[in-house]
file upload24.cif (mmCIF, C-alpha atoms)
data_query
loop_
_atom_site.label_atom_id
_atom_site.label_comp_id
_atom_site.auth_asym_id
_atom_site.auth_seq_id
_atom_site.Cartn_x
_atom_site.Cartn_y
_atom_site.Cartn_z
CA MET Z 1 -39.08 109.20 -116.86
CA GLU Z 2 -39.03 108.36 -120.57
CA VAL Z 3 -41.79 110.87 -121.22
CA LEU Z 4 -39.56 113.77 -120.18
CA GLY Z 5 -36.77 112.41 -122.34
CA ILE Z 6 -39.15 112.46 -125.32
CA ILE Z 7 -40.08 116.05 -124.51
CA LEU Z 8 -36.43 117.10 -124.33
CA LEU Z 9 -35.70 115.35 -127.64
CA PHE Z 10 -38.67 117.10 -129.26
CA ILE Z 11 -37.42 120.48 -128.07
CA LEU Z 12 -34.00 119.81 -129.57
CA VAL Z 13 -35.65 118.87 -132.87
CA MET Z 14 -37.81 121.98 -132.75
CA ALA Z 15 -34.72 124.09 -132.16
CA GLY Z 16 -33.22 122.63 -135.32
CA CYS Z 17 -36.40 123.24 -137.31
CA VAL Z 18 -36.45 126.89 -136.37
CA GLY Z 19 -32.87 127.53 -137.34
CA TYR Z 20 -33.76 130.89 -138.77
CA LEU Z 21 -35.06 131.95 -135.36
CA PHE Z 22 -31.85 130.78 -133.74
CA LEU Z 23 -29.75 132.75 -136.22
CA TRP Z 24 -31.91 135.80 -135.73
CA SER Z 25 -31.55 135.54 -131.97
CA LYS Z 26 -27.76 135.38 -132.35
CA VAL Z 27 -27.75 138.49 -134.54
CA SER Z 28 -30.30 140.34 -132.44
CA ARG Z 29 -28.14 139.91 -129.35
CA LEU Z 30 -25.63 142.29 -130.92
CA PHE Z 31 -28.25 145.03 -130.89
CA LYS Z 32 -29.80 144.36 -127.51
CA LYS Z 33 -28.70 145.73 -124.20
CA LYS Z 34 -26.74 142.82 -122.79
CA SER Z 35 -28.98 141.17 -120.23
CA HIS Z 36 -27.45 138.35 -118.24
CA HIS Z 37 -29.33 135.48 -119.82
CA TYR Z 38 -28.43 136.53 -123.37
CA ILE Z 39 -24.82 135.60 -122.64
CA GLU Z 40 -24.19 131.87 -122.97
CA PRO Z 41 -22.85 130.90 -119.54
CA PRO Z 42 -20.14 128.36 -118.75
CA VAL Z 43 -20.92 125.04 -117.05
CA PRO Z 44 -22.30 125.61 -113.54
CA GLU Z 45 -19.10 124.87 -111.61
CA LYS Z 46 -17.20 127.47 -113.66
CA ASP Z 47 -19.91 130.14 -113.52
CA LYS Z 48 -19.02 132.75 -110.90
CA ASP Z 49 -22.73 133.61 -110.62
CA TRP Z 50 -23.88 130.01 -110.15
CA TYR Z 51 -26.47 129.57 -107.40
CA PRO Z 52 -26.80 125.85 -106.58
CA ILE Z 53 -30.05 124.65 -105.00
CA ASP Z 54 -31.41 121.41 -103.57
CA PHE Z 55 -34.31 120.88 -105.94
CA SER Z 56 -35.85 118.23 -103.68
CA ASP Z 57 -36.71 121.10 -101.30
CA TYR Z 58 -39.19 122.52 -103.83
CA SER Z 59 -42.76 121.88 -104.92
CA CYS Z 60 -43.21 122.63 -108.61
CA PHE Z 61 -46.09 124.26 -110.48
CA ILE Z 62 -46.77 125.44 -114.02
CA PHE Z 63 -49.25 128.22 -114.82
CA ILE Z 64 -50.73 128.32 -118.34
CA ASN Z 65 -53.01 131.06 -119.68
CA LYS Z 66 -55.29 131.45 -122.72
CA VAL Z 67 -55.43 127.72 -123.43
CA LYS Z 68 -58.34 125.29 -123.12
CA GLY Z 69 -58.05 122.68 -120.41
CA ARG Z 70 -58.79 119.91 -122.88
CA GLU Z 71 -55.84 121.02 -125.03
CA ILE Z 72 -53.52 120.67 -122.04
CA LEU Z 73 -54.86 117.19 -121.30
CA ASP Z 74 -54.58 116.11 -124.93
CA LEU Z 75 -50.95 117.25 -125.07
CA LEU Z 76 -50.03 115.43 -121.86
CA TYR Z 77 -51.85 112.27 -122.90
CA SER Z 78 -50.33 112.15 -126.38
CA THR Z 79 -46.85 112.81 -124.98
CA GLY Z 80 -47.20 110.09 -122.36
CA TYR Z 81 -48.63 107.67 -124.91
CA GLN Z 82 -45.81 108.23 -127.39
CA ALA Z 83 -43.25 107.79 -124.63
CA GLU Z 84 -45.05 104.63 -123.45
CA ASP Z 85 -45.13 106.13 -119.96
CA LEU Z 86 -48.72 107.18 -119.32
CA ASP Z 87 -48.40 105.95 -115.76
CA TYR Z 88 -45.89 108.73 -115.02
CA ILE Z 89 -48.34 111.33 -116.35
CA TYR Z 90 -51.22 109.84 -114.36
CA LYS Z 91 -49.35 109.65 -111.06
CA ASN Z 92 -47.28 112.84 -111.07
CA PHE Z 93 -49.47 115.55 -112.61
CA GLU Z 94 -52.35 117.31 -110.86
CA ILE Z 95 -54.40 120.21 -112.21
CA ASN Z 96 -56.99 122.85 -111.39
CA TYR Z 97 -57.93 126.23 -112.83
CA LYS Z 98 -59.22 129.71 -112.13
CA GLY Z 99 -60.61 131.91 -114.86
CA SER Z 100 -58.42 131.59 -117.95
CA TRP Z 101 -55.48 130.18 -115.98
CA TYR Z 102 -54.62 126.53 -115.37
CA ALA Z 103 -52.27 125.42 -112.60
CA ILE Z 104 -50.41 122.12 -112.92
CA LYS Z 105 -48.51 120.52 -110.06
CA VAL Z 106 -45.61 118.35 -111.20
CA SER Z 107 -44.06 115.81 -108.83
CA ASN Z 108 -40.89 113.70 -109.09
CA ALA Z 109 -39.17 115.83 -111.71
CA SER Z 110 -35.53 116.89 -111.71
CA PHE Z 111 -34.35 120.48 -112.12
CA GLU Z 112 -33.77 119.87 -115.83
CA ASP Z 113 -37.03 117.95 -116.34
CA PHE Z 114 -39.15 120.71 -114.87
CA LYS Z 115 -37.48 123.52 -116.81
CA THR Z 116 -37.88 121.45 -119.98
CA LEU Z 117 -41.61 121.02 -119.28
CA VAL Z 118 -42.14 124.78 -119.04
CA ILE Z 119 -40.48 125.31 -122.41
CA TRP Z 120 -42.42 122.32 -123.82
CA PHE Z 121 -45.72 123.97 -122.90
CA GLU Z 122 -44.52 127.31 -124.26
CA ILE Z 123 -43.60 125.74 -127.60
CA ASN Z 124 -47.02 124.12 -127.92
CA PHE Z 125 -49.16 126.95 -126.57
CA ALA Z 126 -47.29 130.13 -127.49
CA ILE Z 127 -49.77 132.78 -128.56
CA ASP Z 128 -47.79 135.97 -128.94
CA TYR Z 129 -44.50 137.47 -127.84
CA GLU Z 130 -45.68 137.90 -124.25
CA PRO Z 131 -45.18 134.79 -122.09
CA ASN Z 132 -48.30 132.82 -121.19
CA VAL Z 133 -46.52 129.93 -119.43
CA TYR Z 134 -44.73 130.35 -116.09
CA GLY Z 135 -42.93 127.97 -113.78
CA PHE Z 136 -43.15 128.42 -110.02
CA CYS Z 137 -40.95 126.58 -107.53
CA ARG Z 138 -42.06 126.93 -103.92
CA HIS Z 139 -39.50 126.14 -101.25
CA LYS Z 140 -40.90 123.87 -98.56
CA THR Z 141 -39.37 125.80 -95.65
CA LYS Z 142 -37.73 129.03 -96.87
CA PHE Z 143 -40.26 131.59 -98.13
CA LEU Z 144 -37.71 133.90 -99.78
CA GLN Z 145 -36.25 130.99 -101.77
CA ASP Z 146 -39.44 130.67 -103.86
CA TYR Z 147 -38.83 131.56 -107.50
CA LEU Z 148 -40.76 132.27 -110.69
CA PHE Z 149 -39.45 131.95 -114.24
CA THR Z 150 -40.56 131.94 -117.86
CA THR Z 151 -39.17 131.33 -121.34
CA ASP Z 152 -37.23 133.92 -123.28
CA LYS Z 153 -38.94 133.62 -126.65
CA GLY Z 154 -36.12 135.46 -128.39
CA THR Z 155 -33.50 132.73 -127.97
CA ALA Z 156 -34.90 129.70 -129.81
CA TYR Z 157 -36.21 128.20 -126.56
CA GLU Z 158 -32.75 127.88 -125.02
CA ASP Z 159 -33.08 130.39 -122.17
CA LEU Z 160 -35.28 131.01 -119.19
CA TYR Z 161 -35.23 134.01 -116.89
CA GLY Z 162 -36.84 134.67 -113.55
CA SER Z 163 -36.69 136.01 -110.03
CA PHE Z 164 -36.53 134.76 -106.48
CA ARG Z 165 -39.11 136.14 -104.08
CA ASN Z 166 -36.38 138.32 -102.55
CA GLY Z 167 -36.01 140.15 -105.87
CA GLN Z 168 -32.80 138.47 -107.07
CA ASN Z 169 -33.03 137.89 -110.83
CA PHE Z 170 -31.39 134.98 -112.65
CA GLY Z 171 -31.06 133.18 -115.96
CA ILE Z 172 -31.11 129.47 -116.83
CA TYR Z 173 -29.46 128.10 -119.98
CA LEU Z 174 -31.45 124.95 -120.79
CA PRO Z 175 -28.67 122.99 -122.60
CA ASN Z 176 -26.66 123.09 -119.34
CA ALA Z 177 -29.58 122.45 -116.98
CA GLY Z 178 -28.79 118.76 -116.54
CA LEU Z 179 -25.05 119.03 -115.95
CA ASN Z 180 -25.39 119.26 -112.18
CA PRO Z 181 -28.18 117.96 -109.88
CA SER Z 182 -28.11 121.36 -108.15
CA GLY Z 183 -29.18 123.03 -111.39
CA ASN Z 184 -27.59 125.92 -113.24
CA ILE Z 185 -29.29 129.04 -111.94
CA SER Z 186 -27.01 131.96 -112.80
CA LEU Z 187 -27.64 135.11 -110.77
CA SER Z 188 -28.11 138.36 -112.68
CA ARG Z 189 -27.63 142.01 -111.84
CA ASN Z 190 -30.36 142.96 -114.30
CA ASN Z 191 -34.00 143.34 -113.36
CA GLU Z 192 -35.94 141.48 -116.04
CA MET Z 193 -38.69 140.14 -113.79
CA ASN Z 194 -40.32 141.62 -110.73
CA PHE Z 195 -41.45 138.69 -108.60
CA ASN Z 196 -44.32 140.48 -106.86
CA ILE Z 197 -45.73 142.06 -110.02
CA THR Z 198 -45.53 138.78 -111.93
CA ALA Z 199 -47.03 136.78 -109.05
CA SER Z 200 -49.93 139.25 -108.81
CA LYS Z 201 -50.95 138.28 -112.36
CA LEU Z 202 -50.99 134.56 -111.59
CA PRO Z 203 -53.63 132.54 -109.70
CA MET Z 204 -51.21 131.71 -106.88
CA GLU Z 205 -54.11 130.67 -104.65
CA CYS Z 206 -54.66 127.68 -106.96
CA ILE Z 207 -51.62 125.88 -105.61
CA ASP Z 208 -53.18 125.71 -102.15
CA MET Z 209 -56.54 124.51 -103.44
CA GLU Z 210 -57.41 120.87 -103.90
CA MET Z 211 -56.08 119.60 -107.21
CA ILE Z 212 -57.27 116.63 -109.22
CA SER Z 213 -54.82 114.03 -110.47
CA LEU Z 214 -54.71 113.42 -114.20
CA GLU Z 215 -55.46 109.76 -113.50
CA LYS Z 216 -58.75 110.69 -111.81
CA LEU Z 217 -59.56 113.36 -114.39
CA PHE Z 218 -59.11 111.00 -117.34
CA GLU Z 219 -61.25 108.46 -115.49
CA ILE Z 220 -64.03 111.05 -115.14
CA LEU Z 221 -63.74 112.05 -118.80
CA ASN Z 222 -64.01 108.43 -119.90
CA GLU Z 223 -67.07 107.76 -117.75
CA GLN Z 224 -69.11 110.93 -118.25
CA SER Z 225 -70.91 112.06 -121.38
CA PHE Z 226 -70.29 115.69 -120.46
CA PRO Z 227 -66.79 116.73 -119.34
CA PRO Z 228 -66.42 118.68 -116.09
CA LYS Z 229 -66.34 122.46 -116.30
CA GLY Z 230 -62.99 123.78 -117.47
CA PHE Z 231 -62.13 120.65 -119.46
CA GLU Z 232 -64.65 120.77 -122.29
#

call {"tool": "encode", "arguments": {"input": "upload24.cif", "output": "structure tokens"}}
result
Amino acid sequence: MEVLGIILLFILVMAGCVGYLFLWSKVSRLFKKKSHHYIEPPVPEKDKDWYPIDFSDYSCFIFINKVKGREILDLLYSTGYQAEDLDYIYKNFEINYKGSWYAIKVSNASFEDFKTLVIWFEINFAIDYEPNVYGFCRHKTKFLQDYLFTTDKGTAYEDLYGSFRNGQNFGIYLPNAGLNPSGNISLSRNNEMNFNITASKLPMECIDMEMISLEKLFEILNEQSFPPKGFE
């Protein structure tokens, strides 16, 4: 799992490099209507709105828009190579696409690891203020426990916000995401994401289609003169 540790370290470094953004986010909070995830929460066990989950009950997917497939592969390969853990990337990431969207299935990641990956992709592929990277966690048995989330770009990549399929909104404060194996989802009374509207914009059907492992995809790219469609 060294690769995810490298990603988390990089995010912390990036947060330091964009100190001005962090300061601006602190100041801007004074002028914003207080939404739940703008308030730095306590550790999970002391958060009255904490909603613990068993993350092993979920299958995890990342949706990325307006990015070339080859750019996604290059980022994953370079990250795995630097972390000396390409095998983890090969064995635990699968991908397919529809239109301008790419869907990545991530296996064997903790609650913190997966949330970090979503922010990692957002940092590398951010295009404008609107989010173009979403995380989706599908519960294996309880339909209404599915949830979507994305990065709040106004808080120096510290916060995520999202919604369960039943409409319940929540926030996640990344620095506290690894303090408890049950995560640190903090329920919110605000309505910052509508699950159904957000899901309608995403290629949700991709997650039920056959995906190709990164190991197989890199093998194809190494053997063929012309890359497969979508990964030029």

call {"tool": "resolve_selection", "arguments": {"input": "upload24.cif", "expression": "the PyMOL selection byres ((chain Z and resi 49) around 8)", "output": "JSON, numbers by chain"}}
result
{"Z": [47, 48, 50, 51, 186, 187, 188]}

call {"tool": "resolve_selection", "arguments": {"input": "upload24.cif", "expression": "the PyMOL selection byres ((chain Z and resi 136) around 9)", "output": "PyMOL selection string"}}
result
chain Z and resi 59-63+134-135+137-138+146-150

call {"tool": "resolve_selection", "arguments": {"input": "upload24.cif", "expression": "the PyMOL selection byres ((chain Z and resi 104) around 12)", "output": "ChimeraX atom specification"}}
result
/Z:59-65,69,72-73,76,89,92-98,101-103,105-107,114,117-118,121,133-137,203-204,206-214

call {"tool": "write_last_selection", "arguments": {"input": "upload24.cif", "atoms": "C-alpha atoms", "output": "mmCIF file, keeping the file's coordinate frame"}}
result
data_model
loop_
_atom_site.group_PDB
_atom_site.id
_atom_site.type_symbol
_atom_site.label_atom_id
_atom_site.label_comp_id
_atom_site.auth_asym_id
_atom_site.auth_seq_id
_atom_site.Cartn_x
_atom_site.Cartn_y
_atom_site.Cartn_z
ATOM 1 C CA SER Z 59 -42.760 121.880 -104.920
ATOM 2 C CA CYS Z 60 -43.210 122.630 -108.610
ATOM 3 C CA PHE Z 61 -46.090 124.260 -110.480
ATOM 4 C CA ILE Z 62 -46.770 125.440 -114.020
ATOM 5 C CA PHE Z 63 -49.250 128.220 -114.820
ATOM 6 C CA ILE Z 64 -50.730 128.320 -118.340
ATOM 7 C CA ASN Z 65 -53.010 131.060 -119.680
ATOM 8 C CA GLY Z 69 -58.050 122.680 -120.410
ATOM 9 C CA ILE Z 72 -53.520 120.670 -122.040
ATOM 10 C CA LEU Z 73 -54.860 117.190 -121.300
ATOM 11 C CA LEU Z 76 -50.030 115.430 -121.860
ATOM 12 C CA ILE Z 89 -48.340 111.330 -116.350
ATOM 13 C CA ASN Z 92 -47.280 112.840 -111.070
ATOM 14 C CA PHE Z 93 -49.470 115.550 -112.610
ATOM 15 C CA GLU Z 94 -52.350 117.310 -110.860
ATOM 16 C CA ILE Z 95 -54.400 120.210 -112.210
ATOM 17 C CA ASN Z 96 -56.990 122.850 -111.390
ATOM 18 C CA TYR Z 97 -57.930 126.230 -112.830
ATOM 19 C CA LYS Z 98 -59.220 129.710 -112.130
ATOM 20 C CA TRP Z 101 -55.480 130.180 -115.980
ATOM 21 C CA TYR Z 102 -54.620 126.530 -115.370
ATOM 22 C CA ALA Z 103 -52.270 125.420 -112.600
ATOM 23 C CA LYS Z 105 -48.510 120.520 -110.060
ATOM 24 C CA VAL Z 106 -45.610 118.350 -111.200
ATOM 25 C CA SER Z 107 -44.060 115.810 -108.830
ATOM 26 C CA PHE Z 114 -39.150 120.710 -114.870
ATOM 27 C CA LEU Z 117 -41.610 121.020 -119.280
ATOM 28 C CA VAL Z 118 -42.140 124.780 -119.040
ATOM 29 C CA PHE Z 121 -45.720 123.970 -122.900
ATOM 30 C CA VAL Z 133 -46.520 129.930 -119.430
ATOM 31 C CA TYR Z 134 -44.730 130.350 -116.090
ATOM 32 C CA GLY Z 135 -42.930 127.970 -113.780
ATOM 33 C CA PHE Z 136 -43.150 128.420 -110.020
ATOM 34 C CA CYS Z 137 -40.950 126.580 -107.530
ATOM 35 C CA PRO Z 203 -53.630 132.540 -109.700
ATOM 36 C CA MET Z 204 -51.210 131.710 -106.880
ATOM 37 C CA CYS Z 206 -54.660 127.680 -106.960
ATOM 38 C CA ILE Z 207 -51.620 125.880 -105.610
ATOM 39 C CA ASP Z 208 -53.180 125.710 -102.150
ATOM 40 C CA MET Z 209 -56.540 124.510 -103.440
ATOM 41 C CA GLU Z 210 -57.410 120.870 -103.900
ATOM 42 C CA MET Z 211 -56.080 119.600 -107.210
ATOM 43 C CA ILE Z 212 -57.270 116.630 -109.220
ATOM 44 C CA SER Z 213 -54.820 114.030 -110.470
ATOM 45 C CA LEU Z 214 -54.710 113.420 -114.200
#

call {"tool": "residues_around", "arguments": {"input": "upload24.cif", "residues": "region 175-179 of chain Z", "least_positions_apart": "3", "cutoff": "8 Å", "atoms": "only C-alpha atoms", "output": "PDB file with C-alpha atoms, in the frame of the given file"}}
result
ATOM      1  CA  VAL Z  43     -20.920 125.040-117.050  1.00  0.00           C
ATOM      2  CA  PRO Z  44     -22.300 125.610-113.540  1.00  0.00           C
ATOM      3  CA  PHE Z 111     -34.350 120.480-112.120  1.00  0.00           C
ATOM      4  CA  GLU Z 112     -33.770 119.870-115.830  1.00  0.00           C
ATOM      5  CA  LYS Z 115     -37.480 123.520-116.810  1.00  0.00           C
ATOM      6  CA  GLU Z 158     -32.750 127.880-125.020  1.00  0.00           C
ATOM      7  CA  ILE Z 172     -31.110 129.470-116.830  1.00  0.00           C
ATOM      8  CA  GLY Z 183     -29.180 123.030-111.390  1.00  0.00           C
ATOM      9  CA  ASN Z 184     -27.590 125.920-113.240  1.00  0.00           C
TER      10      ASN Z 184
END

call {"tool": "closest_residue", "arguments": {"input": "upload24.cif", "among": "Z:Glu45, Z:Glu205, Z:Glu71, Z:Asp54", "to": "Phe125 (chain Z)", "atoms": "all atoms listed in the file"}}
result
Z:Glu71

call {"tool": "atom_distance", "arguments": {"input": "upload24.cif", "atom1": "CA of Leu144 (chain Z)", "atom2": "CA of Arg165 (chain Z)"}}
result
5.0 Å

call {"tool": "atom_distance", "arguments": {"input": "upload24.cif", "atom1": "CA of Ser56 (chain Z)", "atom2": "CA of Thr198 (chain Z)"}}
result
24.2 Å

call {"tool": "closest_residue", "arguments": {"input": "upload24.cif", "among": "Z:Asn222, Z:Ser78, Z:Ser163, Z:Ser110", "to": "Asn194 (chain Z)", "atoms": "only C-alpha atoms"}}
result
Z:Ser163
